[in-house]
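Since the structure comes first, as structure tokens, the remarks are kept for the end.
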Amino acid sequence: MPKLKSHSGAKKRFNLTKNGKIKRAKAYKSHILTKKTTKRTRRLRAGGYADPTNAKTVLKMIPYK
């Protein structure tokens with residue numbers, strides 16, 4: 001069977017934990033930060049997990065992680 005292609009964008013954005021959960025970064029932290037409150041930008045620093053409903057799709061995009 002041939003090797004599968006990884007999705008370039010997905011492999012930069014997602015990581016797997018030992019329990020098989022998909023780790024991700026929060027969105028809206030890249031630019032136009034001056035109008036966002038300090039409290040909000042601080043909360044955006046903390047990572048999160050991908051929703052279980054999207055997990056199967058993300059795992060297909062990163063088969064070798």
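Here, A, B, ... name the chains of the structure tokens in the order displayed, residue numbers run from 1 inside each chain, and ligands are numbered from 1 in the same displayed order.
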All residues 12 Å or closer to Ala50 in chain A, only C-alpha atoms, same chain fewer than 6 positions away omitted, as a PyMOL selection string: chain A and resi 10+13-17+20-27+56-59
Secondary structure check, helix (DSSP H, G or I) residues of range 34-65 of chain A, as a PyMOL selection string: chain A and resi 38-45+52-61
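Taking CA of Gly47 in chain A and CA of His7 in chain A as endpoints, the distance between them is 20.8 Å.
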Polymer residues at most 12 Å from Ser30 in chain A, only C-alpha atoms, same-chain spacing of 6 or more positions, as a ChimeraX atom specification: /A:36,41,44-45
Sel. of strand (DSSP E or B) residues, chain A, as a ChimeraX atom specification: /A:15-16,22-24,48-49
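CA of Leu4 in chain A is positioned 8.6 Å from CA of Tyr64 in chain A.
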Of the listed residues A:Lys11, A:Ile32, A:Gly48, A:Asn19, that which approaches Ile62 in chain A most closely, counting only C-alpha atoms: A:Lys11
Atomic separation - CA of Pro52 in chain A relative to CA of Lys65 in chain A, Å: 17.4 Å
